[in-house]
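Chemist: Compact mmCIF, N, CA and C atoms and all ligand atoms, file entry33.txt:
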```txt
# COMPACT_ATOMS: atom_id res chain seq x y z
N MET A 11 -22.86 -5.56 4.97
CA MET A 11 -21.92 -4.66 5.63
C MET A 11 -21.92 -4.88 7.14
N THR A 12 -20.77 -4.77 7.74
CA THR A 12 -20.70 -4.89 9.19
C THR A 12 -21.18 -3.59 9.83
N LYS A 13 -21.46 -3.68 11.10
CA LYS A 13 -21.91 -2.52 11.84
C LYS A 13 -20.87 -1.39 11.79
N ASP A 14 -19.61 -1.78 11.94
CA ASP A 14 -18.56 -0.77 11.92
C ASP A 14 -18.46 -0.06 10.58
N SER A 15 -18.58 -0.80 9.48
CA SER A 15 -18.43 -0.12 8.20
C SER A 15 -19.63 0.76 7.90
N GLU A 16 -20.80 0.40 8.41
CA GLU A 16 -21.95 1.31 8.30
C GLU A 16 -21.69 2.61 9.05
N ARG A 17 -21.11 2.47 10.24
CA ARG A 17 -20.81 3.66 11.03
C ARG A 17 -19.80 4.53 10.32
N VAL A 18 -18.78 3.89 9.74
CA VAL A 18 -17.76 4.63 9.01
C VAL A 18 -18.39 5.39 7.86
N GLN A 19 -19.27 4.72 7.10
CA GLN A 19 -19.92 5.37 5.97
C GLN A 19 -20.74 6.58 6.40
N SER A 20 -21.50 6.45 7.49
CA SER A 20 -22.34 7.58 7.86
C SER A 20 -21.51 8.72 8.43
N ILE A 21 -20.43 8.41 9.13
CA ILE A 21 -19.56 9.48 9.62
C ILE A 21 -18.99 10.27 8.45
N ILE A 22 -18.57 9.57 7.41
CA ILE A 22 -17.96 10.26 6.28
C ILE A 22 -19.01 11.04 5.48
N SER A 23 -20.17 10.41 5.23
CA SER A 23 -21.15 11.12 4.41
C SER A 23 -21.75 12.31 5.15
N GLU A 24 -21.73 12.27 6.47
CA GLU A 24 -22.24 13.42 7.24
C GLU A 24 -21.14 14.40 7.61
N LYS A 25 -19.96 14.16 7.07
CA LYS A 25 -18.81 15.05 7.30
C LYS A 25 -18.55 15.27 8.79
N ARG A 26 -18.49 14.18 9.51
CA ARG A 26 -18.25 14.31 10.94
C ARG A 26 -16.79 14.11 11.32
N VAL A 27 -15.92 14.01 10.31
CA VAL A 27 -14.49 14.00 10.58
C VAL A 27 -13.99 15.43 10.49
N LYS A 28 -13.46 15.94 11.58
CA LYS A 28 -13.03 17.35 11.62
C LYS A 28 -11.53 17.43 11.85
N LEU A 29 -10.92 18.33 11.10
CA LEU A 29 -9.51 18.63 11.31
C LEU A 29 -9.41 20.06 11.80
N HIS A 30 -8.89 20.21 13.02
CA HIS A 30 -8.73 21.53 13.61
C HIS A 30 -7.27 21.94 13.42
N VAL A 31 -7.07 23.02 12.70
CA VAL A 31 -5.71 23.48 12.43
C VAL A 31 -5.47 24.78 13.19
N PHE A 32 -4.38 24.82 13.92
CA PHE A 32 -4.05 26.01 14.70
C PHE A 32 -2.96 26.80 14.00
N GLU A 33 -3.24 28.09 13.79
CA GLU A 33 -2.31 28.99 13.10
C GLU A 33 -1.66 29.90 14.12
N PRO A 34 -0.40 30.24 13.94
CA PRO A 34 0.47 29.85 12.81
C PRO A 34 1.29 28.59 13.05
N SER A 35 1.08 27.91 14.17
CA SER A 35 1.98 26.76 14.45
C SER A 35 1.70 25.55 13.58
N GLN A 36 0.49 25.51 12.97
CA GLN A 36 0.10 24.35 12.15
C GLN A 36 -0.11 23.08 12.97
N ARG A 37 -0.33 23.25 14.28
CA ARG A 37 -0.70 22.08 15.07
C ARG A 37 -2.04 21.58 14.59
N LYS A 38 -2.21 20.27 14.58
CA LYS A 38 -3.44 19.70 14.06
C LYS A 38 -4.08 18.78 15.07
N ILE A 39 -5.37 18.89 15.22
CA ILE A 39 -6.11 17.96 16.06
C ILE A 39 -7.28 17.40 15.25
N TRP A 40 -7.36 16.09 15.23
CA TRP A 40 -8.43 15.41 14.51
C TRP A 40 -9.50 14.99 15.50
N THR A 41 -10.75 15.20 15.15
CA THR A 41 -11.82 14.67 15.99
C THR A 41 -12.89 14.05 15.09
N VAL A 42 -13.63 13.13 15.69
CA VAL A 42 -14.82 12.59 15.03
C VAL A 42 -15.99 12.83 15.97
N VAL A 43 -17.01 13.46 15.45
CA VAL A 43 -18.18 13.76 16.25
C VAL A 43 -19.16 12.60 16.16
N GLY A 44 -19.46 12.04 17.32
CA GLY A 44 -20.41 10.93 17.36
C GLY A 44 -21.73 11.41 17.91
N LEU A 45 -22.49 10.51 18.47
CA LEU A 45 -23.78 10.88 19.06
C LEU A 45 -23.54 11.41 20.47
N GLY A 46 -23.58 12.74 20.57
CA GLY A 46 -23.39 13.36 21.88
C GLY A 46 -21.99 13.24 22.43
N GLU A 47 -21.03 12.93 21.59
CA GLU A 47 -19.66 12.79 22.06
C GLU A 47 -18.73 13.16 20.93
N GLU A 48 -17.54 13.53 21.31
CA GLU A 48 -16.55 13.85 20.31
C GLU A 48 -15.24 13.19 20.75
N HIS A 49 -14.65 12.42 19.87
CA HIS A 49 -13.40 11.75 20.22
C HIS A 49 -12.28 12.36 19.42
N TRP A 50 -11.13 12.47 20.06
CA TRP A 50 -9.99 13.00 19.32
C TRP A 50 -9.01 11.88 19.06
N MET A 51 -8.28 12.03 17.99
CA MET A 51 -7.39 10.94 17.58
C MET A 51 -6.19 11.47 16.85
N ASP A 52 -5.24 10.59 16.69
CA ASP A 52 -4.04 10.88 15.93
C ASP A 52 -3.88 9.79 14.89
N PRO A 53 -4.36 10.06 13.67
CA PRO A 53 -4.32 9.00 12.65
C PRO A 53 -2.90 8.59 12.26
N ASP A 54 -1.94 9.50 12.43
CA ASP A 54 -0.57 9.14 12.07
C ASP A 54 0.07 8.26 13.13
N ASP A 55 -0.47 8.33 14.33
CA ASP A 55 0.09 7.57 15.44
C ASP A 55 -0.87 6.44 15.85
N SER A 56 -1.98 6.28 15.10
CA SER A 56 -3.00 5.28 15.41
C SER A 56 -3.43 5.32 16.87
N TYR A 57 -3.92 6.47 17.27
CA TYR A 57 -4.45 6.60 18.61
C TYR A 57 -5.85 7.20 18.55
N CYS A 58 -6.76 6.71 19.38
CA CYS A 58 -8.07 7.31 19.50
C CYS A 58 -8.45 7.33 20.97
N SER A 59 -9.24 8.34 21.37
CA SER A 59 -9.58 8.49 22.78
C SER A 59 -10.81 7.69 23.18
N CYS A 60 -11.41 6.94 22.26
CA CYS A 60 -12.67 6.26 22.61
C CYS A 60 -12.41 4.96 23.39
N PRO A 61 -13.39 4.52 24.16
CA PRO A 61 -13.23 3.27 24.92
C PRO A 61 -13.06 2.06 24.01
N GLY A 62 -13.70 2.09 22.83
CA GLY A 62 -13.59 0.96 21.91
C GLY A 62 -12.15 0.74 21.48
N PHE A 63 -11.44 1.83 21.29
CA PHE A 63 -10.04 1.72 20.90
C PHE A 63 -9.22 1.16 22.06
N TYR A 64 -9.49 1.67 23.24
CA TYR A 64 -8.75 1.25 24.43
C TYR A 64 -8.93 -0.24 24.69
N PHE A 65 -10.18 -0.69 24.66
CA PHE A 65 -10.44 -2.09 24.94
C PHE A 65 -10.02 -2.99 23.78
N GLY A 66 -10.17 -2.47 22.55
CA GLY A 66 -9.71 -3.22 21.39
C GLY A 66 -8.22 -3.49 21.47
N LYS A 67 -7.50 -2.49 21.95
CA LYS A 67 -6.05 -2.61 22.04
C LYS A 67 -5.65 -3.74 22.99
N LEU A 68 -6.42 -3.89 24.05
CA LEU A 68 -6.14 -4.98 24.99
C LEU A 68 -6.30 -6.33 24.31
N ASN A 69 -7.14 -6.35 23.26
CA ASN A 69 -7.35 -7.60 22.53
C ASN A 69 -6.54 -7.66 21.24
N GLY A 70 -5.55 -6.78 21.12
CA GLY A 70 -4.67 -6.83 19.96
C GLY A 70 -5.17 -6.09 18.73
N LYS A 71 -6.31 -5.37 18.86
CA LYS A 71 -6.78 -4.55 17.74
C LYS A 71 -6.05 -3.22 17.76
N THR A 72 -5.76 -2.65 16.60
CA THR A 72 -5.02 -1.39 16.59
C THR A 72 -5.83 -0.27 15.95
N THR A 73 -7.11 -0.49 15.79
CA THR A 73 -7.90 0.57 15.15
C THR A 73 -9.31 0.56 15.74
N CYS A 74 -10.10 1.55 15.37
CA CYS A 74 -11.51 1.60 15.77
C CYS A 74 -12.22 2.33 14.64
N TYR A 75 -13.53 2.44 14.69
CA TYR A 75 -14.21 3.01 13.53
C TYR A 75 -13.95 4.51 13.37
N HIS A 76 -13.55 5.18 14.46
CA HIS A 76 -13.17 6.59 14.31
C HIS A 76 -11.90 6.72 13.47
N LEU A 77 -10.91 5.90 13.82
CA LEU A 77 -9.66 5.96 13.07
C LEU A 77 -9.87 5.54 11.61
N GLU A 78 -10.69 4.52 11.41
CA GLU A 78 -10.98 4.09 10.04
C GLU A 78 -11.66 5.22 9.27
N SER A 79 -12.60 5.89 9.92
CA SER A 79 -13.30 7.01 9.26
C SER A 79 -12.34 8.12 8.91
N THR A 80 -11.44 8.43 9.84
CA THR A 80 -10.50 9.51 9.60
C THR A 80 -9.59 9.20 8.42
N CYS A 81 -9.08 7.98 8.39
CA CYS A 81 -8.18 7.60 7.29
C CYS A 81 -8.91 7.66 5.95
N LEU A 82 -10.13 7.15 5.95
CA LEU A 82 -10.91 7.12 4.71
C LEU A 82 -11.31 8.53 4.28
N ALA A 83 -11.73 9.34 5.23
CA ALA A 83 -12.15 10.71 4.91
C ALA A 83 -10.97 11.50 4.35
N ARG A 84 -9.79 11.25 4.91
CA ARG A 84 -8.61 11.94 4.44
C ARG A 84 -8.31 11.53 3.00
N LYS A 85 -8.44 10.24 2.73
CA LYS A 85 -8.18 9.74 1.39
C LYS A 85 -9.19 10.29 0.38
N ASP A 86 -10.45 10.38 0.80
CA ASP A 86 -11.52 10.83 -0.10
C ASP A 86 -11.75 12.33 -0.07
N ASN A 87 -10.93 13.06 0.68
CA ASN A 87 -11.10 14.50 0.77
C ASN A 87 -12.45 14.92 1.34
N GLN A 88 -12.88 14.25 2.38
CA GLN A 88 -14.18 14.53 2.99
C GLN A 88 -14.02 15.11 4.38
N VAL A 89 -12.87 15.71 4.62
CA VAL A 89 -12.57 16.22 5.95
C VAL A 89 -13.05 17.66 6.07
N GLU A 90 -13.70 17.98 7.17
CA GLU A 90 -14.12 19.34 7.46
C GLU A 90 -12.98 20.02 8.22
N THR A 91 -12.38 21.02 7.59
CA THR A 91 -11.24 21.68 8.24
C THR A 91 -11.69 22.97 8.90
N ILE A 92 -11.28 23.14 10.15
CA ILE A 92 -11.63 24.35 10.89
C ILE A 92 -10.33 25.00 11.37
N VAL A 93 -10.18 26.27 11.10
CA VAL A 93 -8.94 26.95 11.46
C VAL A 93 -9.13 27.76 12.74
N PHE A 94 -8.19 27.59 13.66
CA PHE A 94 -8.19 28.33 14.92
C PHE A 94 -6.88 29.10 15.02
N SER A 95 -6.82 29.99 15.99
CA SER A 95 -5.52 30.61 16.25
C SER A 95 -4.88 29.89 17.43
N ASP A 96 -3.56 29.99 17.51
CA ASP A 96 -2.84 29.30 18.58
C ASP A 96 -3.30 29.72 19.98
N ASP A 97 -3.79 30.96 20.09
CA ASP A 97 -4.30 31.43 21.38
C ASP A 97 -5.42 30.55 21.91
N GLU A 98 -6.13 29.91 20.99
CA GLU A 98 -7.29 29.12 21.39
C GLU A 98 -6.94 27.68 21.70
N PHE A 99 -5.67 27.34 21.53
CA PHE A 99 -5.27 25.93 21.63
C PHE A 99 -5.56 25.33 23.00
N SER A 100 -5.15 26.03 24.06
CA SER A 100 -5.32 25.42 25.39
C SER A 100 -6.79 25.34 25.80
N ASP A 101 -7.57 26.38 25.42
CA ASP A 101 -9.01 26.33 25.68
C ASP A 101 -9.67 25.17 24.94
N PHE A 102 -9.21 25.00 23.71
CA PHE A 102 -9.76 23.93 22.89
C PHE A 102 -9.48 22.57 23.52
N LEU A 103 -8.24 22.38 23.94
CA LEU A 103 -7.86 21.11 24.56
C LEU A 103 -8.62 20.85 25.84
N SER A 104 -8.74 21.86 26.69
CA SER A 104 -9.44 21.60 27.96
C SER A 104 -10.93 21.36 27.72
N GLY A 105 -11.50 22.01 26.71
CA GLY A 105 -12.89 21.75 26.36
C GLY A 105 -13.08 20.32 25.90
N LEU A 106 -12.13 19.86 25.13
CA LEU A 106 -12.20 18.51 24.60
C LEU A 106 -12.09 17.48 25.71
N ILE A 107 -11.16 17.73 26.62
CA ILE A 107 -10.92 16.75 27.68
C ILE A 107 -12.07 16.72 28.67
N SER A 108 -12.68 17.88 28.94
CA SER A 108 -13.79 17.87 29.89
C SER A 108 -15.03 17.22 29.32
N ASP A 109 -15.09 17.09 27.98
CA ASP A 109 -16.21 16.40 27.35
C ASP A 109 -16.13 14.88 27.46
N LEU A 110 -14.95 14.39 27.73
CA LEU A 110 -14.75 12.93 27.70
C LEU A 110 -15.40 12.24 28.88
ZN ZN A 201 -12.31 5.57 18.35
```
Can the structure in the file be given as structure tokens, please?
Ligand SMILES: [Zn+2]
Modeler:
Amino acid sequence: MTKDSERVQSIISEKRVKLHVFEPSQRKIWTVVGLGEEHWMDPDDSYCSCPGFYFGKLNGKTTCYHLESTCLARKDNQVETIVFSDDEFSDFLSGLISDL
């Protein structure tokens, strides 16, 4: 197994793919919790906030292990869903961005 697929496996088995759903708007934010960091992504738009994705993109790669984990977790139903209210949306976003 490659290093990336090992990482994908452990992210999924430890349920570190999180889907944050905001009610009632149904806005969704996906994150993957890593070691001391949390990256957010858009699996439908193939975007991830991690440096690996950014630098990979410069080299013509369109994915990273966070995105791979998210797609796989979604397929296998291993996603941890957390429901928030829309009032919490902006606080949630600024918390996420200040962590980066
Ligand atoms: Zn990533």
Chemist: Taking into account only C-alpha atoms, which residue in the set A:Trp50, A:Ser79, A:Val93, A:Ile107 is nearest to Phe32 in chain A?
Modeler: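 So, comparing all the options, the nearest one is A:Val93.
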Chemist: Of the residues A:Thr72, A:Asp52, A:Glu78, A:Phe65, which is the one nearest to Gln19 in chain A, using all atoms listed in the file?
Modeler: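 Selected residue with least distance to Gln19 in chain A: A:Glu78.
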Chemist: Of the residues A:Val89, A:His30, A:Pro53, A:Ser59, which is the one nearest to ligand ZN 201 (chain A), using all atoms listed in the file?
Modeler: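 Between A:Val89, A:His30, A:Pro53, A:Ser59, the residue approaching ligand ZN 201 (chain A) most closely is A:Ser59.
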Chemist: Which residues, protein or nucleic acid, reach to within 12 Å of (-1.2, 12.0, 20.2) in the file's coordinates when using only C-alpha atoms, and can you give that as an NGL selection string?
Modeler: :A and (37-41 or 50-59)
Chemist: DSSP on the backbone, helix (DSSP H, G or I) only: what residues of chain A does that give? Format it as a ChimeraX atom specification.
Modeler: /A:13-23,61-68,75-86,96-109
Chemist: How close does chain A get to ligand ZN 201 (chain A)? List, as a tab-separated table, each residue of chain A within 5 Å, its nearest atom pair and the distance in Å to one decimal, counting only N, CA and C atoms and all ligand atoms.
Modeler:
```
residue	atom	partner	partner_atom	distance
A:Cys58	CA	A:ZN201	ZN	4.7
A:Cys60	N	A:ZN201	ZN	4.2
A:Phe63	N	A:ZN201	ZN	4.8
A:Cys74	CA	A:ZN201	ZN	4.8
A:Tyr75	N	A:ZN201	ZN	5.0
A:His76	N	A:ZN201	ZN	4.1
A:Leu77	N	A:ZN201	ZN	4.8
```
Chemist: Ranking A:Lys25, A:Gly46, A:Val18, A:Gly105 by minimum distance to Glu90 in chain A and counting all atoms listed in the file, which one comes first?
Modeler: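 Among A:Lys25, A:Gly46, A:Val18, A:Gly105, it is A:Lys25 that comes nearest to Glu90 in chain A.
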Chemist: Could you pull out all residues of chain A with a DSSP call of strand (DSSP E) and give them as a VMD selection string?
Modeler: chain A and resid 27 to 33 37 to 43 48 to 52 57 to 58 90 to 95
Chemist: Measuring between all atoms listed in the file, which one of A:Glu33, A:Arg26, A:Gly70, A:Ala83 shows the shortest distance to Glu98 in chain A?
Modeler: A:Glu33
Chemist: One decimal, in Å: what's the spacing between CA of Thr80 in chain A and atom N of Val27 in chain A?
Modeler: 7.1 Å
Chemist: Which residue out of A:Asp14, A:Asp86, A:Asp97, A:Glu48 has the minimum interatomic distance to Pro34 in chain A when only N, CA and C atoms are used?
Modeler: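 Of all the options, A:Asp97 lies closest to Pro34 in chain A.
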Chemist: For the atom pair atom N of Gly66 in chain A and CA of Ile92 in chain A, what is the interatomic distance in Å to one decimal place?
Modeler: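 Between atom N of Gly66 in chain A and CA of Ile92 in chain A the gap works out to 29.3 Å.
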Chemist: Using atom N of Asn69 in chain A and CA of Arg17 in chain A as the two end points, give the distance in Å to one decimal.
Modeler: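 It comes out at 20.9 Å.
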Chemist: If I wrap all listed atoms of range 34-46 of chain A in a box with edges along x, y and z and add 5 Å on each side, what are its centre and edge lengths in Å to one decimal, as AutoDock Vina command-line options?
Modeler:
```
--center_x -10.9 --center_y 20.4 --center_z 17.3 --size_x 35.8 --size_y 29.7 --size_z 20.3
```
